[in-house]
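Student: Sharing final.cif (mmCIF, N, CA and C atoms) below.
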data_run
#
loop_
_atom_site.label_atom_id
_atom_site.label_comp_id
_atom_site.auth_asym_id
_atom_site.auth_seq_id
_atom_site.Cartn_x
_atom_site.Cartn_y
_atom_site.Cartn_z
N MET A 21 75.15 -87.13 -63.45
CA MET A 21 75.08 -87.17 -61.99
C MET A 21 76.38 -86.68 -61.36
N GLU A 22 77.51 -87.13 -61.93
CA GLU A 22 78.79 -86.71 -61.38
C GLU A 22 79.01 -85.21 -61.56
N THR A 23 78.50 -84.69 -62.66
CA THR A 23 78.63 -83.25 -62.92
C THR A 23 77.86 -82.46 -61.88
N LEU A 24 76.69 -82.92 -61.51
CA LEU A 24 75.88 -82.25 -60.50
C LEU A 24 76.57 -82.27 -59.15
N VAL A 25 77.13 -83.40 -58.76
CA VAL A 25 77.84 -83.51 -57.48
C VAL A 25 79.06 -82.59 -57.47
N ALA A 26 79.81 -82.57 -58.56
CA ALA A 26 80.98 -81.71 -58.65
C ALA A 26 80.58 -80.23 -58.57
N THR A 27 79.50 -79.87 -59.22
CA THR A 27 79.03 -78.49 -59.19
C THR A 27 78.61 -78.08 -57.79
N VAL A 28 77.90 -78.96 -57.09
CA VAL A 28 77.48 -78.68 -55.72
C VAL A 28 78.70 -78.54 -54.81
N LEU A 29 79.69 -79.40 -54.96
CA LEU A 29 80.90 -79.31 -54.15
C LEU A 29 81.65 -78.00 -54.40
N ILE A 30 81.74 -77.61 -55.66
CA ILE A 30 82.42 -76.35 -55.98
C ILE A 30 81.67 -75.17 -55.38
N VAL A 31 80.36 -75.18 -55.47
CA VAL A 31 79.56 -74.09 -54.90
C VAL A 31 79.74 -74.04 -53.38
N VAL A 32 79.73 -75.18 -52.72
CA VAL A 32 79.91 -75.23 -51.27
C VAL A 32 81.29 -74.72 -50.87
N VAL A 33 82.33 -75.13 -51.60
CA VAL A 33 83.69 -74.67 -51.28
C VAL A 33 83.80 -73.16 -51.45
N PHE A 34 83.27 -72.61 -52.53
CA PHE A 34 83.34 -71.16 -52.73
C PHE A 34 82.50 -70.41 -51.71
N MET A 35 81.38 -70.98 -51.30
CA MET A 35 80.56 -70.35 -50.28
C MET A 35 81.30 -70.30 -48.94
N MET A 36 81.96 -71.37 -48.56
CA MET A 36 82.73 -71.40 -47.31
C MET A 36 83.90 -70.41 -47.38
N ALA A 37 84.57 -70.36 -48.52
CA ALA A 37 85.68 -69.41 -48.68
C ALA A 37 85.18 -67.98 -48.58
N SER A 38 84.04 -67.70 -49.17
CA SER A 38 83.47 -66.36 -49.12
C SER A 38 83.09 -65.97 -47.69
N MET A 39 82.51 -66.88 -46.95
CA MET A 39 82.14 -66.60 -45.55
C MET A 39 83.37 -66.36 -44.70
N THR A 40 84.42 -67.13 -44.93
CA THR A 40 85.66 -66.96 -44.16
C THR A 40 86.30 -65.60 -44.45
N LEU A 41 86.39 -65.24 -45.73
CA LEU A 41 86.96 -63.94 -46.09
C LEU A 41 86.12 -62.78 -45.55
N ASN A 42 84.81 -62.93 -45.58
CA ASN A 42 83.93 -61.89 -45.05
C ASN A 42 84.17 -61.70 -43.55
N ALA A 43 84.32 -62.79 -42.81
CA ALA A 43 84.58 -62.69 -41.37
C ALA A 43 85.94 -62.03 -41.10
N LEU A 44 86.94 -62.38 -41.89
CA LEU A 44 88.27 -61.78 -41.72
C LEU A 44 88.24 -60.27 -41.99
N PHE A 45 87.59 -59.86 -43.07
CA PHE A 45 87.52 -58.45 -43.40
C PHE A 45 86.72 -57.67 -42.36
N ALA A 46 85.63 -58.24 -41.88
CA ALA A 46 84.81 -57.56 -40.87
C ALA A 46 85.60 -57.37 -39.58
N THR A 47 86.36 -58.37 -39.19
CA THR A 47 87.16 -58.27 -37.97
C THR A 47 88.27 -57.24 -38.12
N SER A 48 88.93 -57.23 -39.27
CA SER A 48 90.02 -56.27 -39.46
C SER A 48 89.50 -54.84 -39.50
N ILE A 49 88.33 -54.63 -40.06
CA ILE A 49 87.76 -53.28 -40.09
C ILE A 49 87.31 -52.86 -38.70
N GLN A 50 86.73 -53.77 -37.94
CA GLN A 50 86.25 -53.45 -36.60
C GLN A 50 87.40 -53.13 -35.66
N ASN A 51 88.54 -53.80 -35.80
CA ASN A 51 89.68 -53.59 -34.91
C ASN A 51 90.67 -52.56 -35.43
N ASN A 52 90.33 -51.83 -36.47
CA ASN A 52 91.22 -50.84 -37.03
C ASN A 52 91.25 -49.61 -36.13
N ASP A 53 92.38 -49.36 -35.49
CA ASP A 53 92.51 -48.19 -34.63
C ASP A 53 93.46 -47.15 -35.21
N GLY A 54 93.80 -47.28 -36.48
CA GLY A 54 94.73 -46.36 -37.12
C GLY A 54 94.28 -44.91 -37.10
N PRO A 55 93.03 -44.60 -37.49
CA PRO A 55 92.60 -43.19 -37.46
C PRO A 55 92.61 -42.59 -36.05
N ALA A 56 92.25 -43.38 -35.04
CA ALA A 56 92.27 -42.86 -33.66
C ALA A 56 93.70 -42.62 -33.20
N ARG A 57 94.61 -43.54 -33.52
CA ARG A 57 96.03 -43.33 -33.17
C ARG A 57 96.58 -42.09 -33.87
N GLN A 58 96.23 -41.92 -35.13
CA GLN A 58 96.70 -40.75 -35.88
C GLN A 58 96.18 -39.47 -35.26
N GLU A 59 94.92 -39.46 -34.84
CA GLU A 59 94.34 -38.28 -34.21
C GLU A 59 95.03 -37.97 -32.88
N LEU A 60 95.32 -39.00 -32.09
CA LEU A 60 96.02 -38.79 -30.82
C LEU A 60 97.43 -38.23 -31.05
N LEU A 61 98.12 -38.74 -32.05
CA LEU A 61 99.46 -38.21 -32.37
C LEU A 61 99.38 -36.76 -32.84
N PHE A 62 98.36 -36.44 -33.62
CA PHE A 62 98.18 -35.06 -34.08
C PHE A 62 97.88 -34.14 -32.89
N LEU A 63 97.05 -34.61 -31.95
CA LEU A 63 96.76 -33.81 -30.76
C LEU A 63 98.01 -33.64 -29.90
N GLN A 64 98.84 -34.66 -29.82
CA GLN A 64 100.10 -34.54 -29.08
C GLN A 64 101.00 -33.50 -29.74
N TYR A 65 101.04 -33.50 -31.05
CA TYR A 65 101.82 -32.50 -31.78
C TYR A 65 101.30 -31.09 -31.49
N ARG A 66 99.98 -30.92 -31.56
CA ARG A 66 99.39 -29.61 -31.27
C ARG A 66 99.68 -29.19 -29.84
N TYR A 67 99.61 -30.13 -28.90
CA TYR A 67 99.89 -29.81 -27.50
C TYR A 67 101.36 -29.39 -27.34
N GLY A 68 102.25 -30.07 -28.02
CA GLY A 68 103.68 -29.75 -27.91
C GLY A 68 104.01 -28.34 -28.37
N TYR A 69 103.22 -27.82 -29.30
CA TYR A 69 103.45 -26.48 -29.81
C TYR A 69 102.49 -25.45 -29.22
N GLY A 70 101.77 -25.83 -28.15
CA GLY A 70 100.90 -24.89 -27.45
C GLY A 70 99.64 -24.51 -28.20
N LYS A 71 99.20 -25.32 -29.14
CA LYS A 71 98.01 -25.01 -29.94
C LYS A 71 96.78 -25.78 -29.49
N LEU A 72 96.86 -26.50 -28.38
CA LEU A 72 95.74 -27.31 -27.90
C LEU A 72 95.34 -26.83 -26.51
N SER A 73 94.10 -26.42 -26.36
CA SER A 73 93.62 -26.00 -25.05
C SER A 73 93.04 -27.22 -24.32
N LEU A 74 93.36 -27.31 -23.05
CA LEU A 74 92.94 -28.45 -22.24
C LEU A 74 91.82 -28.04 -21.30
N PRO A 75 90.89 -28.91 -20.99
CA PRO A 75 90.69 -30.27 -21.50
C PRO A 75 90.11 -30.23 -22.91
N TYR A 76 90.36 -31.29 -23.64
CA TYR A 76 89.92 -31.40 -25.02
C TYR A 76 89.08 -32.67 -25.17
N TYR A 77 87.90 -32.55 -25.75
CA TYR A 77 87.01 -33.69 -25.98
C TYR A 77 86.54 -33.67 -27.43
N ASP A 78 86.49 -34.85 -28.03
CA ASP A 78 86.05 -34.93 -29.42
C ASP A 78 85.52 -36.34 -29.69
N LYS A 79 84.85 -36.50 -30.81
CA LYS A 79 84.35 -37.81 -31.24
C LYS A 79 84.80 -38.02 -32.67
N LEU A 80 85.40 -39.19 -32.93
CA LEU A 80 85.87 -39.55 -34.26
C LEU A 80 85.27 -40.90 -34.60
N ASP A 81 84.26 -40.91 -35.46
CA ASP A 81 83.52 -42.13 -35.79
C ASP A 81 83.01 -42.77 -34.50
N ALA A 82 83.48 -43.97 -34.17
CA ALA A 82 83.02 -44.65 -32.95
C ALA A 82 83.96 -44.41 -31.77
N TRP A 83 84.94 -43.51 -31.92
CA TRP A 83 85.93 -43.26 -30.88
C TRP A 83 85.62 -41.98 -30.13
N ASP A 84 85.63 -42.05 -28.80
CA ASP A 84 85.54 -40.87 -27.95
C ASP A 84 86.96 -40.49 -27.55
N ILE A 85 87.38 -39.31 -27.94
CA ILE A 85 88.76 -38.86 -27.72
C ILE A 85 88.75 -37.78 -26.65
N LYS A 86 89.70 -37.89 -25.72
CA LYS A 86 89.83 -36.83 -24.72
C LYS A 86 91.30 -36.65 -24.35
N VAL A 87 91.61 -35.41 -24.02
CA VAL A 87 92.95 -35.04 -23.57
C VAL A 87 92.74 -34.24 -22.29
N GLU A 88 93.31 -34.74 -21.21
CA GLU A 88 93.13 -34.11 -19.90
C GLU A 88 94.47 -33.98 -19.20
N GLU A 89 94.54 -32.98 -18.32
CA GLU A 89 95.73 -32.79 -17.52
C GLU A 89 95.46 -33.31 -16.11
N ARG A 90 96.39 -34.12 -15.59
CA ARG A 90 96.22 -34.69 -14.25
C ARG A 90 97.53 -34.58 -13.49
N VAL A 91 97.40 -34.55 -12.16
CA VAL A 91 98.58 -34.57 -11.29
C VAL A 91 98.66 -35.95 -10.67
N TRP A 92 99.81 -36.61 -10.87
CA TRP A 92 100.01 -37.94 -10.32
C TRP A 92 101.37 -37.99 -9.65
N GLN A 93 101.38 -38.25 -8.36
CA GLN A 93 102.58 -38.30 -7.54
C GLN A 93 103.43 -37.04 -7.71
N GLY A 94 102.76 -35.90 -7.68
CA GLY A 94 103.45 -34.63 -7.76
C GLY A 94 103.92 -34.23 -9.14
N THR A 95 103.62 -35.02 -10.14
CA THR A 95 104.02 -34.71 -11.51
C THR A 95 102.78 -34.42 -12.35
N GLU A 96 102.83 -33.30 -13.05
CA GLU A 96 101.72 -32.98 -13.94
C GLU A 96 101.88 -33.75 -15.23
N GLN A 97 100.83 -34.46 -15.61
CA GLN A 97 100.85 -35.25 -16.84
C GLN A 97 99.65 -34.90 -17.70
N VAL A 98 99.82 -35.03 -18.99
CA VAL A 98 98.72 -34.86 -19.93
C VAL A 98 98.37 -36.25 -20.46
N ILE A 99 97.12 -36.67 -20.27
CA ILE A 99 96.65 -37.99 -20.66
C ILE A 99 95.89 -37.88 -21.98
N PHE A 100 96.37 -38.59 -22.99
CA PHE A 100 95.70 -38.67 -24.28
C PHE A 100 95.02 -40.03 -24.34
N SER A 101 93.71 -40.05 -24.55
CA SER A 101 93.01 -41.34 -24.57
C SER A 101 91.90 -41.33 -25.62
N ALA A 102 91.64 -42.53 -26.14
CA ALA A 102 90.55 -42.74 -27.09
C ALA A 102 89.88 -44.06 -26.73
N VAL A 103 88.56 -44.06 -26.64
CA VAL A 103 87.79 -45.25 -26.29
C VAL A 103 86.80 -45.53 -27.42
N ASN A 104 86.82 -46.75 -27.91
CA ASN A 104 85.87 -47.16 -28.96
C ASN A 104 84.56 -47.54 -28.29
N THR A 105 83.48 -46.89 -28.65
CA THR A 105 82.20 -47.13 -27.99
C THR A 105 81.54 -48.43 -28.44
N SER A 106 81.98 -48.98 -29.59
CA SER A 106 81.34 -50.20 -30.07
C SER A 106 81.97 -51.48 -29.50
N ASN A 107 83.28 -51.46 -29.21
CA ASN A 107 83.90 -52.68 -28.69
C ASN A 107 84.73 -52.44 -27.43
N ASP A 108 84.62 -51.26 -26.81
CA ASP A 108 85.29 -50.90 -25.55
C ASP A 108 86.81 -51.02 -25.62
N ARG A 109 87.38 -50.88 -26.79
CA ARG A 109 88.84 -50.88 -26.92
C ARG A 109 89.34 -49.49 -26.55
N GLU A 110 90.48 -49.43 -25.85
CA GLU A 110 90.99 -48.15 -25.37
C GLU A 110 92.45 -47.97 -25.76
N LEU A 111 92.76 -46.77 -26.21
CA LEU A 111 94.13 -46.36 -26.49
C LEU A 111 94.45 -45.24 -25.52
N LYS A 112 95.61 -45.33 -24.86
CA LYS A 112 95.93 -44.31 -23.87
C LYS A 112 97.44 -44.17 -23.77
N PHE A 113 97.90 -42.93 -23.68
CA PHE A 113 99.29 -42.65 -23.34
C PHE A 113 99.36 -41.29 -22.68
N SER A 114 100.47 -41.06 -22.01
CA SER A 114 100.62 -39.81 -21.26
C SER A 114 101.94 -39.15 -21.60
N VAL A 115 101.96 -37.83 -21.39
CA VAL A 115 103.15 -37.02 -21.62
C VAL A 115 103.33 -36.15 -20.39
N ASN A 116 104.56 -36.06 -19.90
CA ASN A 116 104.83 -35.18 -18.76
C ASN A 116 104.67 -33.73 -19.18
N HIS A 117 104.01 -32.96 -18.32
CA HIS A 117 103.75 -31.55 -18.60
C HIS A 117 105.07 -30.79 -18.57
N GLU A 118 105.26 -29.93 -19.56
CA GLU A 118 106.51 -29.16 -19.63
C GLU A 118 106.24 -27.72 -19.27
#
Would you mind writing the file out in structure tokens?
Tutor:
Amino acid sequence: METLVATVLIVVVFMMASMTLNALFATSIQNNDGPARQELLFLQYRYGYGKLSLPYYDKLDAWDIKVEERVWQGTEQVIFSAVNTSNDRELKFSVNHE
């Protein structure tokens, strides 16, 4: 009887640990914005060397990427942005037009 109770407890503990690890891994994968950041940095590099024509639109997995030129308070700026369509997370930065 004690062996059965111990076995059930061990199974329950491992099941809870497995569910917790699964939730952690799923969250870390869902919030991973590394590839989108890398793409934005690469586009900034291309823009800096005149190899990127504006406006630029692209899709990278669940990310909608766009690069647009805007005038704000008399200053021309280039806006680099990426929006995740699955969780509405947004990455955005701007560079002054040279």
Student: With distances taken over all atoms listed in the file, which residue among A:Leu41, A:Leu60, A:Ala82, A:Val32 lies nearest A:Thr105?
Tutor: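 Closest to A:Thr105 of all the choices is A:Ala82.
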Student: What does the distance between atom CA of A:Phe113 and atom CA of A:Val98 come to in Å, to one decimal place?
Tutor: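 We find that atom CA of A:Phe113 and atom CA of A:Val98 lie 8.5 Å from each other.
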Student: Between atom N of A:Gln93 and atom CA of A:Lys112, what distance in Å does the model show, to one decimal?
Tutor: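 Atom-to-atom, atom N of A:Gln93 and atom CA of A:Lys112 are spaced 17.5 Å apart.
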Student: Could you work out how far atom N of A:Leu80 lies from atom CA of A:Ala43, giving the answer in Å with one decimal?
Tutor: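 Atom-to-atom, atom CA of A:Ala43 to atom N of A:Leu80, that is 25.0 Å.
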Student: Name the residues that the PyMOL selection byres (((chain A and resi 85 and name CA) around 9) and name CA) pulls out of this structure, and write them as a ChimeraX atom specification.
Tutor: /A:56,59-60,76-80,83-84,86-87,100-104
Student: So which residues get picked by the PyMOL selection byres (((chain A and resi 64-69 and name CA) around 10) and name CA) here, written as a list in words?
Tutor: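 Given this file, the PyMOL selection byres (((chain A and resi 64-69 and name CA) around 10) and name CA) evaluates to Gln58, Glu59, Leu60, Leu61, Phe62, Leu63, Gly70, Lys71, Leu72, Ser73, Leu74, Val87, Val98, Ile99, Phe100, Phe113, Ser114, Val115, His117 and Glu118 of chain A.
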